[in-house]
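Here is the structure we will look at.
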Amino acid sequence: SPDTRAVVATPAGEVLAALQAAMEQRPQLMGRVRVAASSCLGPCEQGPHVVVYPDDVWYSAVKPEDAGRILDAVGAEPAGGAAGGGLEV
């Protein structure tokens, strides 16, 4: 659907697990946001990374405790509404 976003995390297991757990606590995002693992997204020295598609919003040096804030930001905007932005995490 055009209102669906994908939150893609590099294979940093702890960050991915935290995003998945945070999704379970946010049932209002089910069907609108999908959390998925990714292979290397590029600048590994700044990782782990999380990218929100289709908005092309990147988060670098993400820690597991950032997962909830990232998902809250993703859920606050309609898809396409935060292009190029990001959170300080």
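By convention here, the chains of the structure tokens are called A, B, ... in the order presented, each chain's residues are numbered starting at 1, and ligands are numbered starting at 1 in the order presented.
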Residue neighbourhood Ala21 (chain A), 12 Å, only C-alpha atoms, exclusion window fewer than 4 positions, as a short mmCIF file (atom, residue, chain, number, x, y, z; two decimals) with C-alpha atoms, in the first residue's frame:
data_model
loop_
_atom_site.label_atom_id
_atom_site.label_comp_id
_atom_site.auth_asym_id
_atom_site.auth_seq_id
_atom_site.Cartn_x
_atom_site.Cartn_y
_atom_site.Cartn_z
CA GLU A 14 20.51 -6.35 19.02
CA VAL A 15 19.15 -3.34 17.09
CA LEU A 16 16.96 -5.52 14.86
CA ALA A 17 15.61 -7.40 17.90
CA GLN A 25 4.43 -2.63 21.65
CA ARG A 26 2.97 -0.42 18.88
CA PRO A 27 -0.02 -2.30 17.41
CA VAL A 35 10.82 -4.06 10.15
CA PRO A 64 18.92 -0.82 20.81
CA GLU A 65 17.48 1.82 23.12
CA ASP A 66 16.83 4.08 20.08
CA ALA A 67 14.32 1.64 18.53
CA GLY A 68 11.19 3.07 20.16
CA LEU A 71 9.40 3.82 15.32
#
Restricting the calculation to only C-alpha atoms, which member of A:Asp72, A:Pro43, A:Lys63, A:Val57 is positioned closest to Ala22 (chain A)? A:Asp72
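The two atoms in question, CA of Ser39 (chain A) and CA of Asp55 (chain A), are spaced 19.0 Å apart.
If you look at CA of Val51 (chain A) and CA of Glu24 (chain A), they are 19.1 Å away from each other.
For region 38-80 of chain A, the set of residues given helix (DSSP H, G or I) by DSSP on the backbone reads Cys44, Glu45, Gln46, Pro64, Glu65, Asp66, Ala67, Gly68, Arg69, Ile70, Leu71, Asp72, Ala73, Val74, Gly75 and Ala76 of chain A.
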Distance in Å - CA of Ala36 (chain A) versus CA of Gly75 (chain A): 15.9 Å
Using only C-alpha atoms for the distances, tell me which of A:Val74, A:Gly13, A:Ala61, A:Arg69 is nearest to Arg34 (chain A). A:Val74
